[in-house]
file final-v4.txt (compact mmCIF, C-alpha atoms and all ligand atoms)
# COMPACT_ATOMS: atom_id res chain seq x y z
CA MET A 282 48.87 -10.65 -14.69
CA SER A 283 47.85 -11.62 -11.14
CA GLU A 284 46.16 -14.92 -10.39
CA LEU A 285 42.85 -13.10 -9.73
CA GLU A 286 43.01 -11.18 -13.01
CA ASP A 287 43.68 -14.41 -14.82
CA LEU A 288 40.79 -16.19 -13.10
CA ASP A 289 38.49 -13.23 -13.82
CA ARG A 290 39.30 -13.55 -17.52
CA GLN A 291 38.42 -17.22 -17.45
CA VAL A 292 35.12 -17.17 -15.54
CA VAL A 293 33.51 -13.72 -15.37
CA TRP A 294 31.29 -11.86 -17.86
CA HIS A 295 31.24 -8.15 -16.90
CA PRO A 296 28.37 -5.71 -17.50
CA PHE A 297 28.59 -3.22 -20.38
CA THR A 298 32.08 -4.53 -21.17
CA GLN A 299 33.75 -5.68 -24.37
CA GLN A 300 35.66 -8.52 -22.75
CA THR A 301 38.24 -8.87 -25.54
CA GLU A 302 39.54 -5.32 -25.02
CA TRP A 303 39.44 -5.10 -21.27
CA SER A 304 42.13 -5.36 -18.62
CA PRO A 305 40.76 -6.27 -15.20
CA LEU A 306 41.58 -3.91 -12.33
CA VAL A 307 41.07 -5.84 -9.10
CA ILE A 308 39.81 -3.60 -6.27
CA ALA A 309 40.85 -4.96 -2.91
CA ARG A 310 39.53 -2.38 -0.45
CA GLY A 311 38.05 1.07 0.02
CA GLU A 312 38.66 3.85 2.51
CA GLY A 313 36.96 7.25 2.52
CA ASN A 314 36.83 8.63 -1.01
CA TYR A 315 39.49 6.20 -2.23
CA LEU A 316 39.72 2.68 -3.63
CA PHE A 317 42.86 0.49 -3.47
CA ASP A 318 43.76 -2.21 -5.99
CA ASP A 319 45.31 -5.54 -5.10
CA ALA A 320 48.79 -4.13 -5.70
CA GLY A 321 48.08 -1.40 -3.10
CA ARG A 322 47.67 1.45 -5.64
CA LYS A 323 45.30 4.19 -4.48
CA TYR A 324 42.59 5.80 -6.64
CA LEU A 325 40.09 8.55 -5.99
CA ASP A 326 36.63 7.09 -6.69
CA GLY A 327 35.57 9.79 -9.16
CA VAL A 328 32.24 8.13 -9.95
CA SER A 329 31.23 6.94 -6.46
CA SER A 330 31.31 3.32 -7.65
CA LEU A 331 28.65 3.90 -10.30
CA TRP A 332 27.04 6.84 -8.51
CA CYS A 333 26.17 4.98 -5.27
CA ASN A 334 28.81 5.56 -2.58
CA VAL A 335 27.65 9.02 -1.57
CA HIS A 336 29.70 8.91 1.68
CA GLY A 337 32.72 7.20 0.12
CA HIS A 338 33.83 3.80 1.36
CA GLN A 339 33.86 2.02 4.73
CA HIS A 340 32.25 4.86 6.60
CA PRO A 341 32.48 3.96 10.33
CA ARG A 342 28.83 4.80 10.98
CA LEU A 343 27.56 2.71 8.07
CA ASP A 344 29.90 -0.15 9.01
CA ARG A 345 28.50 -0.03 12.55
CA ALA A 346 24.86 0.07 11.38
CA LEU A 347 25.51 -2.98 9.21
CA ARG A 348 27.27 -4.90 11.98
CA ASP A 349 24.55 -4.03 14.51
CA GLN A 350 21.84 -5.29 12.20
CA LEU A 351 23.86 -8.41 11.42
CA GLU A 352 23.74 -9.29 15.11
CA LYS A 353 19.96 -9.38 14.87
CA LEU A 354 18.72 -10.42 11.44
CA ALA A 355 20.37 -10.68 8.02
CA HIS A 356 17.28 -11.54 6.01
CA SER A 357 13.64 -12.35 6.29
CA THR A 358 11.07 -11.97 3.57
CA PHE A 359 8.89 -8.86 3.25
CA LEU A 360 6.15 -10.95 1.63
CA GLY A 361 3.74 -11.49 4.47
CA LEU A 362 6.24 -10.47 7.18
CA THR A 363 7.79 -7.17 8.19
CA HIS A 364 10.77 -5.91 10.21
CA GLU A 365 12.02 -2.83 12.02
CA PRO A 366 14.68 -1.59 9.56
CA GLY A 367 12.19 -1.79 6.66
CA ILE A 368 9.51 0.08 8.63
CA ARG A 369 11.84 2.76 10.01
CA LEU A 370 13.53 3.45 6.69
CA ALA A 371 10.15 3.78 4.96
CA ALA A 372 9.03 6.30 7.58
CA ALA A 373 12.29 8.25 7.22
CA LEU A 374 12.04 8.29 3.42
CA ILE A 375 8.45 9.58 3.55
CA GLU A 376 9.57 12.28 5.99
CA VAL A 377 12.16 13.70 3.56
CA SER A 378 10.35 13.09 0.25
CA PRO A 379 7.95 15.41 -1.56
CA ARG A 380 4.72 15.78 0.41
CA SER A 381 2.64 13.96 -2.22
CA LEU A 382 4.36 10.64 -1.45
CA SER A 383 3.19 8.47 1.41
CA ARG A 384 3.94 4.83 0.58
CA VAL A 385 7.22 2.99 0.03
CA PHE A 386 7.47 -0.15 -2.11
CA TYR A 387 10.95 -1.66 -1.84
CA SER A 388 13.01 -3.47 -4.43
CA ASP A 389 16.69 -4.01 -5.12
CA SER A 390 17.79 -2.07 -8.22
CA GLY A 391 16.94 1.12 -10.05
CA SER A 392 15.58 -0.90 -12.96
CA ALA A 393 13.23 -2.78 -10.64
CA ALA A 394 12.09 0.50 -9.05
CA VAL A 395 11.21 1.74 -12.55
CA GLU A 396 9.40 -1.48 -13.53
CA ILE A 397 7.37 -1.21 -10.34
CA ALA A 398 6.40 2.42 -11.01
CA LEU A 399 5.28 1.54 -14.54
CA LYS A 400 3.25 -1.43 -13.31
CA GLN A 401 1.70 0.52 -10.43
CA SER A 402 0.64 3.30 -12.75
CA PHE A 403 -0.74 0.83 -15.29
CA GLN A 404 -2.66 -1.20 -12.71
CA TYR A 405 -3.93 1.95 -11.00
CA TRP A 406 -5.72 3.04 -14.18
CA GLN A 407 -7.13 -0.48 -14.68
CA LEU A 408 -8.43 -0.47 -11.11
CA ARG A 409 -9.91 3.01 -11.48
CA GLY A 410 -11.89 1.95 -14.55
CA ARG A 411 -9.66 3.60 -17.17
CA PRO A 412 -8.41 0.47 -19.00
CA THR A 413 -7.32 2.33 -22.14
CA LYS A 414 -4.57 4.19 -20.30
CA GLN A 415 -1.77 1.78 -21.18
CA LYS A 416 1.00 3.82 -22.80
CA PHE A 417 3.96 5.69 -21.40
CA LEU A 418 5.60 8.92 -22.43
CA ARG A 419 9.36 9.27 -22.07
CA LEU A 420 12.10 11.64 -23.16
CA GLY A 421 14.33 11.21 -26.19
CA GLU A 422 17.59 9.46 -25.19
CA ALA A 423 15.97 8.37 -21.92
CA TYR A 424 17.68 5.76 -19.78
CA HIS A 425 15.78 4.06 -16.97
CA GLY A 426 17.57 0.73 -16.59
CA ASP A 427 18.23 -2.55 -18.37
CA THR A 428 15.28 -4.83 -17.59
CA LEU A 429 12.72 -5.08 -20.37
CA GLY A 430 10.09 -2.74 -18.92
CA ALA A 431 12.73 -0.12 -18.24
CA VAL A 432 14.24 -0.60 -21.70
CA GLY A 433 10.73 -0.09 -23.13
CA VAL A 434 10.79 3.48 -21.81
CA GLY A 435 14.41 3.97 -22.87
CA GLY A 436 15.64 5.80 -25.92
CA ILE A 437 19.38 5.23 -26.19
CA GLU A 438 19.98 3.80 -29.68
CA LEU A 439 23.08 1.87 -28.77
CA PHE A 440 21.68 0.07 -25.74
CA HIS A 441 18.04 -0.26 -26.66
CA ARG A 442 17.46 -0.68 -30.40
CA ILE A 443 18.48 -4.32 -30.60
CA PHE A 444 15.81 -5.29 -28.07
CA GLY A 445 13.05 -3.42 -29.94
CA PRO A 446 11.00 -6.51 -30.86
CA LEU A 447 10.78 -7.50 -27.19
CA LEU A 448 9.45 -4.21 -25.90
CA VAL A 449 6.23 -2.41 -25.19
CA SER A 450 6.65 0.75 -27.22
CA SER A 451 6.63 4.16 -25.59
CA ILE A 452 6.08 7.64 -27.01
CA ALA A 453 9.15 9.87 -27.14
CA ILE A 454 9.07 13.55 -26.28
CA PRO A 455 12.26 15.21 -27.58
CA THR A 456 14.77 15.81 -24.83
CA PRO A 457 14.66 19.47 -23.75
CA ALA A 458 18.42 19.40 -23.12
CA GLY A 459 20.32 22.08 -25.00
CA THR A 460 17.13 23.97 -25.89
CA ASP A 461 14.83 26.40 -24.08
CA GLY A 462 12.44 23.46 -23.63
CA SER A 463 9.57 24.96 -25.62
CA ASP A 464 9.65 22.31 -28.38
CA ALA A 465 9.57 19.51 -25.86
CA LEU A 466 6.72 21.13 -23.95
CA GLU A 467 4.73 21.72 -27.14
CA ARG A 468 5.12 18.07 -28.14
CA LEU A 469 4.17 16.97 -24.66
CA GLU A 470 1.07 19.13 -24.70
CA ALA A 471 0.11 17.87 -28.17
CA GLU A 472 0.48 14.21 -27.12
CA LEU A 473 -1.46 14.81 -23.92
CA SER A 474 -4.25 16.74 -25.63
CA ARG A 475 -4.76 14.08 -28.27
CA HIS A 476 -3.94 10.84 -26.44
CA SER A 477 -4.25 11.30 -22.68
CA HIS A 478 -7.06 8.71 -22.64
CA GLU A 479 -4.40 6.17 -23.72
CA ILE A 480 -1.49 7.43 -21.59
CA ALA A 481 -0.82 6.16 -18.09
CA ALA A 482 2.24 8.19 -17.18
CA PHE A 483 5.17 10.33 -18.26
CA ILE A 484 8.45 9.01 -16.87
CA PHE A 485 11.54 11.20 -16.82
CA GLU A 486 14.61 12.18 -14.85
CA PRO A 487 14.33 15.60 -13.20
CA LEU A 488 16.85 18.36 -14.07
CA MET A 489 19.48 16.14 -15.71
CA GLN A 490 19.42 12.95 -17.78
CA GLY A 491 22.37 11.02 -16.37
CA ALA A 492 23.24 7.93 -18.40
CA ALA A 493 22.04 9.70 -21.57
CA GLY A 494 25.29 11.70 -21.32
CA MET A 495 24.59 14.21 -18.54
CA LEU A 496 21.97 16.14 -20.50
CA LYS A 497 20.90 19.20 -18.52
CA HIS A 498 17.35 20.43 -18.84
CA PRO A 499 16.44 24.11 -19.01
CA ALA A 500 15.18 25.66 -15.77
CA GLY A 501 11.43 25.33 -15.42
CA PHE A 502 11.00 22.32 -17.70
CA LEU A 503 10.31 19.94 -14.82
CA LYS A 504 7.65 22.17 -13.28
CA LYS A 505 5.91 22.92 -16.58
CA ALA A 506 5.96 19.28 -17.74
CA ALA A 507 4.55 18.09 -14.42
CA ALA A 508 1.80 20.72 -14.55
CA LEU A 509 0.78 19.63 -18.06
CA CYS A 510 0.54 16.00 -16.96
CA ARG A 511 -1.53 17.01 -13.97
CA THR A 512 -3.98 18.94 -16.20
CA HIS A 513 -4.40 15.91 -18.46
CA HIS A 514 -4.67 13.28 -15.67
CA VAL A 515 -1.47 11.51 -16.54
CA HIS A 516 0.87 10.31 -13.79
CA VAL A 517 4.26 11.94 -13.31
CA ILE A 518 6.88 9.28 -12.59
CA LEU A 519 10.16 10.87 -11.59
CA ASP A 520 13.20 8.67 -11.90
CA GLU A 521 15.52 9.96 -9.16
CA VAL A 522 17.74 6.88 -9.29
CA ALA A 523 20.72 8.99 -10.40
CA THR A 524 19.65 12.45 -9.21
CA GLY A 525 18.47 11.44 -5.74
CA PHE A 526 20.25 11.46 -2.37
CA GLY A 527 21.99 14.80 -2.63
CA ARG A 528 23.56 14.41 -6.06
CA THR A 529 22.11 17.63 -7.46
CA GLY A 530 22.67 19.69 -4.30
CA THR A 531 19.27 18.98 -2.75
CA LEU A 532 18.14 15.67 -1.29
CA PHE A 533 15.94 15.07 -4.34
CA ALA A 534 16.22 17.01 -7.60
CA CYS A 535 12.47 17.63 -7.84
CA GLU A 536 12.66 19.85 -4.73
CA GLN A 537 14.41 22.47 -6.83
CA GLU A 538 11.26 23.15 -8.85
CA GLY A 539 8.77 22.30 -6.13
CA VAL A 540 7.38 19.30 -8.04
CA GLU A 541 5.49 16.57 -6.23
CA PRO A 542 5.35 13.43 -8.38
CA ASP A 543 2.79 10.64 -8.32
CA LEU A 544 5.53 8.03 -8.26
CA MET A 545 9.24 8.42 -7.55
CA CYS A 546 11.96 5.83 -8.19
CA ILE A 547 15.02 5.83 -5.95
CA ALA A 548 18.04 3.52 -5.73
CA LYS A 549 21.85 3.97 -6.05
CA GLY A 550 22.68 6.27 -3.09
CA ILE A 551 19.83 4.96 -0.91
CA ALA A 552 22.03 2.55 1.05
CA GLY A 553 25.25 4.52 0.68
CA GLY A 554 26.49 2.01 -1.92
CA TYR A 555 26.71 -0.77 0.66
CA LEU A 556 23.99 -3.14 -0.49
CA PRO A 557 21.47 -3.40 -3.34
CA LEU A 558 18.34 -1.50 -2.34
CA ALA A 559 15.76 0.57 -4.19
CA ALA A 560 12.25 1.87 -3.67
CA THR A 561 9.26 3.23 -5.53
CA LEU A 562 7.37 5.88 -3.58
CA ALA A 563 3.69 6.40 -4.34
CA THR A 564 0.90 8.79 -3.44
CA GLU A 565 -1.93 7.72 -1.14
CA GLU A 566 -4.31 8.08 -4.10
CA ILE A 567 -2.40 5.45 -6.12
CA TYR A 568 -1.95 3.18 -3.10
CA SER A 569 -5.61 3.34 -2.12
CA ALA A 570 -6.76 2.11 -5.54
CA PHE A 571 -5.19 -1.26 -4.72
CA LEU A 572 -7.17 -1.67 -1.47
CA GLY A 573 -10.11 -4.05 -1.09
CA ALA A 574 -11.04 -7.43 0.29
CA HIS A 575 -8.58 -10.25 -0.31
CA GLY A 576 -10.96 -11.88 -2.77
CA ASP A 577 -11.11 -8.70 -4.90
CA MET A 578 -7.61 -9.54 -6.16
CA LYS A 579 -6.74 -5.86 -6.42
CA HIS A 580 -3.40 -6.12 -4.70
CA PHE A 581 -0.15 -5.38 -6.43
CA PHE A 582 1.21 -8.67 -7.73
CA HIS A 583 4.88 -7.88 -7.62
CA GLY A 584 7.73 -8.64 -5.23
CA HIS A 585 11.33 -9.76 -5.12
CA THR A 586 13.09 -12.30 -2.91
CA PHE A 587 15.29 -9.60 -1.40
CA THR A 588 12.63 -6.88 -1.18
CA ALA A 589 13.54 -4.68 1.83
CA ASN A 590 16.53 -6.76 2.92
CA PRO A 591 17.03 -5.79 6.60
CA LEU A 592 20.79 -5.26 6.31
CA ALA A 593 20.30 -2.90 3.39
CA CYS A 594 17.47 -1.04 5.14
CA ALA A 595 19.50 -0.61 8.35
CA VAL A 596 22.38 0.89 6.38
CA GLY A 597 19.92 3.00 4.38
CA LEU A 598 18.51 4.52 7.57
CA GLU A 599 21.95 5.48 8.86
CA SER A 600 22.99 6.69 5.41
CA LEU A 601 20.02 9.06 5.25
CA ALA A 602 20.89 10.53 8.65
CA LEU A 603 24.51 10.96 7.63
CA LEU A 604 23.51 12.58 4.38
CA GLN A 605 21.46 15.22 6.16
CA GLU A 606 23.94 15.81 8.98
CA SER A 607 27.17 16.07 7.02
CA SER A 608 27.52 14.70 3.48
CA LEU A 609 24.92 16.94 1.83
CA PRO A 610 26.15 20.12 3.57
CA ASN A 611 29.69 19.18 2.50
CA ALA A 612 28.54 18.67 -1.11
CA ARG A 613 26.85 22.08 -1.10
CA ALA A 614 30.06 23.69 0.08
CA ARG A 615 32.07 21.92 -2.66
CA ILE A 616 29.74 22.62 -5.60
CA PRO A 617 31.06 26.17 -6.30
CA ASP A 618 34.67 24.89 -6.13
CA ILE A 619 33.78 22.16 -8.61
CA ALA A 620 32.27 24.81 -10.90
CA GLY A 621 35.57 26.72 -10.66
CA ALA A 622 37.59 23.63 -11.64
CA LEU A 623 35.23 22.92 -14.53
CA ALA A 624 35.57 26.50 -15.81
CA ARG A 625 39.33 25.93 -16.06
CA ILE A 626 38.87 22.56 -17.80
CA LEU A 627 36.52 24.16 -20.31
CA ASP A 628 39.51 26.15 -21.64
CA HIS A 629 41.07 22.93 -22.90
CA GLN A 630 40.90 22.80 -26.69
CA SER A 631 39.67 19.19 -26.64
CA VAL A 632 36.70 20.01 -24.43
CA LYS A 633 33.48 20.88 -26.25
CA GLU A 634 31.04 21.50 -23.42
CA ILE A 635 30.64 20.94 -19.70
CA ARG A 636 27.30 20.31 -18.03
CA GLN A 637 26.90 20.46 -14.26
CA VAL A 638 24.00 20.10 -11.87
CA GLY A 639 25.46 20.01 -8.37
CA MET A 640 27.75 17.01 -8.15
CA MET A 641 26.50 15.49 -11.39
CA ILE A 642 28.88 16.45 -14.18
CA GLY A 643 29.54 15.64 -17.82
CA ILE A 644 32.68 16.86 -19.60
CA GLU A 645 32.02 16.44 -23.32
CA LEU A 646 35.04 16.11 -25.60
CA HIS A 647 35.24 17.05 -29.26
CA ALA A 648 34.59 13.77 -31.05
CA ILE A 649 37.25 12.35 -33.36
CA SER A 650 36.04 9.77 -35.84
CA GLY A 651 37.38 6.29 -35.14
CA ARG A 652 38.43 7.16 -31.60
CA PHE A 653 36.75 6.41 -28.28
CA LEU A 654 38.07 9.49 -26.56
CA GLY A 655 35.93 9.32 -23.43
CA ARG A 656 37.10 5.82 -22.73
CA GLU A 657 40.72 6.68 -23.50
CA VAL A 658 40.62 9.63 -21.08
CA CYS A 659 39.18 7.45 -18.31
CA GLU A 660 41.87 4.84 -18.88
CA GLN A 661 44.58 7.50 -18.73
CA ALA A 662 43.09 9.05 -15.58
CA ARG A 663 43.80 5.83 -13.72
CA ARG A 664 47.52 6.37 -14.28
CA HIS A 665 47.06 9.61 -12.34
CA GLY A 666 45.17 7.96 -9.50
CA VAL A 667 41.53 8.60 -10.38
CA ILE A 668 38.79 6.16 -11.39
CA LEU A 669 36.46 7.68 -13.96
CA ARG A 670 33.88 6.28 -16.36
CA ASN A 671 32.67 7.74 -19.61
CA LEU A 672 29.39 7.85 -21.46
CA GLY A 673 30.53 7.96 -25.10
CA ASP A 674 32.59 11.12 -25.54
CA VAL A 675 31.41 12.45 -22.19
CA VAL A 676 33.72 12.00 -19.21
CA VAL A 677 31.61 11.75 -16.06
CA TRP A 678 32.41 13.18 -12.64
CA MET A 679 30.11 11.83 -9.91
CA PRO A 680 32.39 12.00 -6.87
CA PRO A 681 31.30 11.09 -3.34
CA LEU A 682 29.43 13.95 -1.63
CA THR A 683 32.18 13.76 1.00
CA LEU A 684 34.69 15.13 -1.55
CA GLN A 685 37.42 17.27 0.06
CA PRO A 686 39.37 20.15 -1.54
CA ALA A 687 42.49 17.98 -1.98
CA ASP A 688 40.38 15.30 -3.71
CA LEU A 689 38.96 17.89 -6.08
CA ALA A 690 42.47 19.11 -6.90
CA LEU A 691 43.47 15.52 -7.76
CA LEU A 692 40.30 15.01 -9.80
CA GLU A 693 41.01 18.17 -11.82
CA THR A 694 44.72 17.46 -12.38
CA ALA A 695 44.18 13.83 -13.35
CA THR A 696 41.38 14.74 -15.77
CA VAL A 697 43.38 17.51 -17.44
CA ARG A 698 46.49 15.34 -17.73
CA ALA A 699 44.47 12.49 -19.16
CA ILE A 700 42.83 14.78 -21.73
CA ASP A 701 46.27 16.23 -22.57
CA THR A 702 47.74 12.81 -23.21
CA VAL A 703 44.84 11.57 -25.28
CA SER A 704 44.73 14.81 -27.32
CA ARG A 705 48.41 14.45 -28.18
CA GLU A 706 48.05 10.84 -29.35
CA THR A 707 47.24 10.28 -32.98
CA GLU A 708 46.50 6.62 -32.29
CA PRO A 709 44.26 5.34 -29.49
CA THR A 710 46.12 4.55 -26.28
CA ARG A 711 45.79 1.16 -24.62
CA PHE A 712 45.75 0.90 -20.88
CA THR A 713 47.51 -2.14 -19.50
C1 LIG A 801 18.13 7.26 -14.08
C2 LIG A 801 18.38 5.79 -13.90
N1 LIG A 801 17.33 4.98 -13.76
C3 LIG A 801 17.49 3.66 -13.57
C4 LIG A 801 18.75 3.11 -13.53
C5 LIG A 801 18.91 1.64 -13.34
O1 LIG A 801 19.42 1.35 -12.09
P1 LIG A 801 20.09 -0.06 -11.78
O2 LIG A 801 21.39 -0.09 -12.54
O3 LIG A 801 20.28 -0.07 -10.30
O4 LIG A 801 19.15 -1.10 -12.25
C6 LIG A 801 19.87 3.93 -13.67
C7 LIG A 801 21.22 3.35 -13.63
O5 LIG A 801 22.20 3.98 -13.97
C8 LIG A 801 19.68 5.32 -13.87
O6 LIG A 801 20.72 6.15 -14.02
call {"tool": "encode", "arguments": {"input": "final-v4.txt", "output": "structure tokens"}}
result
Amino acid sequence: MSELEDLDRQVVWHPFTQQTEWSPLVIARGEGNYLFDDAGRKYLDGVSSLWCNVHGHQHPRLDRALRDQLEKLAHSTFLGLTHEPGIRLAAALIEVSPRSLSRVFYSDSGSAAVEIALKQSFQYWQLRGRPTKQKFLRLGEAYHGDTLGAVGVGGIELFHRIFGPLLVSSIAIPTPAGTDGSDALERLEAELSRHSHEIAAFIFEPLMQGAAGMLKHPAGFLKKAAALCRTHHVHVILDEVATGFGRTGTLFACEQEGVEPDLMCIAKGIAGGYLPLAATLATEEIYSAFLGAHGDMKHFFHGHTFTANPLACAVGLESLALLQESSLPNARARIPDIAGALARILDHQSVKEIRQVGMMIGIELHAISGRFLGREVCEQARRHGVILRNLGDVVVWMPPLTLQPADLALLETATVRAIDTVSRETEPTRFT
């Protein structure tokens, strides 16, 4: 064990990690779609470093944008002050977002972007004289982050149940994934018809629920659900933290069904995976409810120390340009090839189902009691030079949008070999 691995074991507590059964892998550098460990071994970043590095690593244009900004200003608060990168990125985001959205409220994580959307919706109804609209609708198995407000609109048993007593409860609409969506829509309509006077908003991920296990929604669900909310005067909050920035083949997933939300949460790919940045985009109608004289105390009482950090915003601006010029067109060209690779993987006897929306993919394995197959496959894949991460028995592919044909070939081979090895084992494998 290297000195760094040893020190990590002594002093660090990692997220979502059972520390007793974990072997640290120290990443020393990144280049293009690849990561390198401290022993110089090379790995394809098959999950874009938790779905963020949409252009891979150390992109020269993003490096330059960061360095240029560093020459000018690394940080100044956005509370009471402003700066060029924050202003220009907001304008660029509005330009490419659904037409309904005209205001950008920055934060620094997807969870914070969700908290902000919930609070803006809640306060909006208070300000507009509808104080009973205090509840939120969400989907079954929803995941919107790990802070308490976001957990309150979450529905993943394993992550969320233990915190139940701490949470504001939300109303679950069954996930439409794996169905034609009619049950979910009926339940949504029933809740809205009976309780819309108590409901502030419906929050959900468009097209695909990511952390829930890559649960793909039936075509049309997004559009119909949004229309129902509109009819019943309930806000539509779209969580595009995972689906945004080209992941589904369009800049934002909601474009694919022509839906214009009231609030939209974005994070992950926003700054190309360089720095923590997120935003909640709002309509002018929501924004204008918070306007008044200073003494009216209508303003939105929320903000973070690193809101709109200039370095992050400068990289975000360049990242958005790069996405439109090259990374998104590249992703579109790759998506059919990925579908071809997945069709071959589906033939594997250990694979139960594969769900794909663009470059957002879940490969579900047949569960075996007492085994953690998804995790075992991801551990094995490392031996073949690919970093993957699972969600239960689902092996996730979220590669950089800059994926090249040779990278895809490696991704496919490593995944198949890893599944082969794990399927042959009768006992769980341990990666050392
Ligand atoms: C859909 C969705 N919303 C919110 C979040 C939370 O984002 P963060 O981890 O940046 O707080 C995630 C993270 O995976 C996510 O997938």
call {"tool": "closest_atom_pairs", "arguments": {"input": "final-v4.txt", "of": "chain A", "to": "ligand LIG 801 (chain A)", "cutoff": "8 Å", "atoms": "all atoms listed in the file", "output": "JSON lines"}}
result
{"residue": "A:Leu331", "atom": "CA", "partner": "A:LIG801", "partner_atom": "O5", "distance": 7.4}
{"residue": "A:Trp332", "atom": "CA", "partner": "A:LIG801", "partner_atom": "O5", "distance": 7.8}
{"residue": "A:Asp389", "atom": "CA", "partner": "A:LIG801", "partner_atom": "O3", "distance": 7.4}
{"residue": "A:Ser390", "atom": "CA", "partner": "A:LIG801", "partner_atom": "O3", "distance": 3.8}
{"residue": "A:Gly391", "atom": "CA", "partner": "A:LIG801", "partner_atom": "O1", "distance": 3.2}
{"residue": "A:Ser392", "atom": "CA", "partner": "A:LIG801", "partner_atom": "O4", "distance": 3.6}
{"residue": "A:Ala393", "atom": "CA", "partner": "A:LIG801", "partner_atom": "O4", "distance": 6.4}
{"residue": "A:Ala394", "atom": "CA", "partner": "A:LIG801", "partner_atom": "C3", "distance": 7.7}
{"residue": "A:Val395", "atom": "CA", "partner": "A:LIG801", "partner_atom": "C3", "distance": 6.6}
{"residue": "A:Tyr424", "atom": "CA", "partner": "A:LIG801", "partner_atom": "C1", "distance": 5.9}
{"residue": "A:His425", "atom": "CA", "partner": "A:LIG801", "partner_atom": "N1", "distance": 3.7}
{"residue": "A:Gly426", "atom": "CA", "partner": "A:LIG801", "partner_atom": "C5", "distance": 3.6}
{"residue": "A:Asp427", "atom": "CA", "partner": "A:LIG801", "partner_atom": "O4", "distance": 6.4}
{"residue": "A:Thr428", "atom": "CA", "partner": "A:LIG801", "partner_atom": "O4", "distance": 7.6}
{"residue": "A:Ala431", "atom": "CA", "partner": "A:LIG801", "partner_atom": "C3", "distance": 7.7}
{"residue": "A:Glu486", "atom": "CA", "partner": "A:LIG801", "partner_atom": "C1", "distance": 6.1}
{"residue": "A:Gln490", "atom": "CA", "partner": "A:LIG801", "partner_atom": "C1", "distance": 6.9}
{"residue": "A:Gly491", "atom": "CA", "partner": "A:LIG801", "partner_atom": "O6", "distance": 5.7}
{"residue": "A:Ala492", "atom": "CA", "partner": "A:LIG801", "partner_atom": "O6", "distance": 5.4}
{"residue": "A:Asp520", "atom": "CA", "partner": "A:LIG801", "partner_atom": "C1", "distance": 5.6}
{"residue": "A:Glu521", "atom": "CA", "partner": "A:LIG801", "partner_atom": "C1", "distance": 6.2}
{"residue": "A:Val522", "atom": "CA", "partner": "A:LIG801", "partner_atom": "C2", "distance": 4.8}
{"residue": "A:Ala523", "atom": "CA", "partner": "A:LIG801", "partner_atom": "O6", "distance": 4.6}
{"residue": "A:Thr524", "atom": "CA", "partner": "A:LIG801", "partner_atom": "C1", "distance": 7.3}
{"residue": "A:Cys546", "atom": "CA", "partner": "A:LIG801", "partner_atom": "N1", "distance": 7.8}
{"residue": "A:Ala548", "atom": "CA", "partner": "A:LIG801", "partner_atom": "O3", "distance": 6.2}
{"residue": "A:Lys549", "atom": "CA", "partner": "A:LIG801", "partner_atom": "O3", "distance": 6.1}
{"residue": "A:Pro557", "atom": "CA", "partner": "A:LIG801", "partner_atom": "O3", "distance": 7.8}
{"residue": "A:Ala559", "atom": "CA", "partner": "A:LIG801", "partner_atom": "O3", "distance": 7.6}
call {"tool": "atom_distance", "arguments": {"input": "final-v4.txt", "atom1": "atom CA of Tyr555 of chain A", "atom2": "atom CA of Ala602 of chain A"}}
result
15.0 Å
call {"tool": "atom_distance", "arguments": {"input": "final-v4.txt", "atom1": "atom CA of Arg411 of chain A", "atom2": "atom CA of Ile480 of chain A"}}
result
10.0 Å
call {"tool": "closest_residue", "arguments": {"input": "final-v4.txt", "among": "A:Ala355, A:Met282, A:Leu509, A:Cys333", "to": "Asp319 of chain A", "atoms": "all atoms listed in the file"}}
result
A:Met282
call {"tool": "residues_around", "arguments": {"input": "final-v4.txt", "residues": "segment 434-448 of chain A", "least_positions_apart": "4", "cutoff": "10 Å", "atoms": "only C-alpha atoms", "output": "PyMOL selection string"}}
result
chain A and resi 297+395-396+399+416-427+429-430+452-453+483-485+492-493
call {"tool": "closest_residue", "arguments": {"input": "final-v4.txt", "among": "A:Gln630, A:Phe317, A:Leu556, A:Leu466", "to": "Phe587 of chain A", "atoms": "all atoms listed in the file"}}
result
A:Leu556
call {"tool": "residues_around", "arguments": {"input": "final-v4.txt", "residues": "segment 283-286 of chain A", "least_positions_apart": "4", "cutoff": "8 Å", "atoms": "only C-alpha atoms", "output": "list in words"}}
result
Arg290, Pro305, Leu306 and Val307 of chain A
call {"tool": "closest_residue", "arguments": {"input": "final-v4.txt", "among": "A:Gly573, A:Glu312, A:Leu692, A:Pro296", "to": "His340 of chain A", "atoms": "only C-alpha atoms"}}
result
A:Glu312
call {"tool": "closest_residue", "arguments": {"input": "final-v4.txt", "among": "A:Leu503, A:Leu374, A:Ile616, A:Leu646", "to": "Gly525 of chain A", "atoms": "only C-alpha atoms"}}
result
A:Leu374
call {"tool": "atom_distance", "arguments": {"input": "final-v4.txt", "atom1": "atom CA of Ile397 of chain A", "atom2": "atom CA of Thr529 of chain A"}}
result
24.1 Å
call {"tool": "residues_around", "arguments": {"input": "final-v4.txt", "residues": "segment 659-673 of chain A", "least_positions_apart": "3", "cutoff": "6 Å", "atoms": "all atoms listed in the file", "output": "ChimeraX atom specification"}}
result
/A:324-328,494,655-656,676-677,695-696,699,712
call {"tool": "closest_residue", "arguments": {"input": "final-v4.txt", "among": "A:Leu609, A:Ala574, A:Ala320, A:Leu360", "to": "Thr588 of chain A", "atoms": "only C-alpha atoms"}}
result
A:Leu360
call {"tool": "closest_residue", "arguments": {"input": "final-v4.txt", "among": "A:Thr358, A:Ser378, A:Thr460, A:Ser607", "to": "Lys497 of chain A", "atoms": "only C-alpha atoms"}}
result
A:Thr460
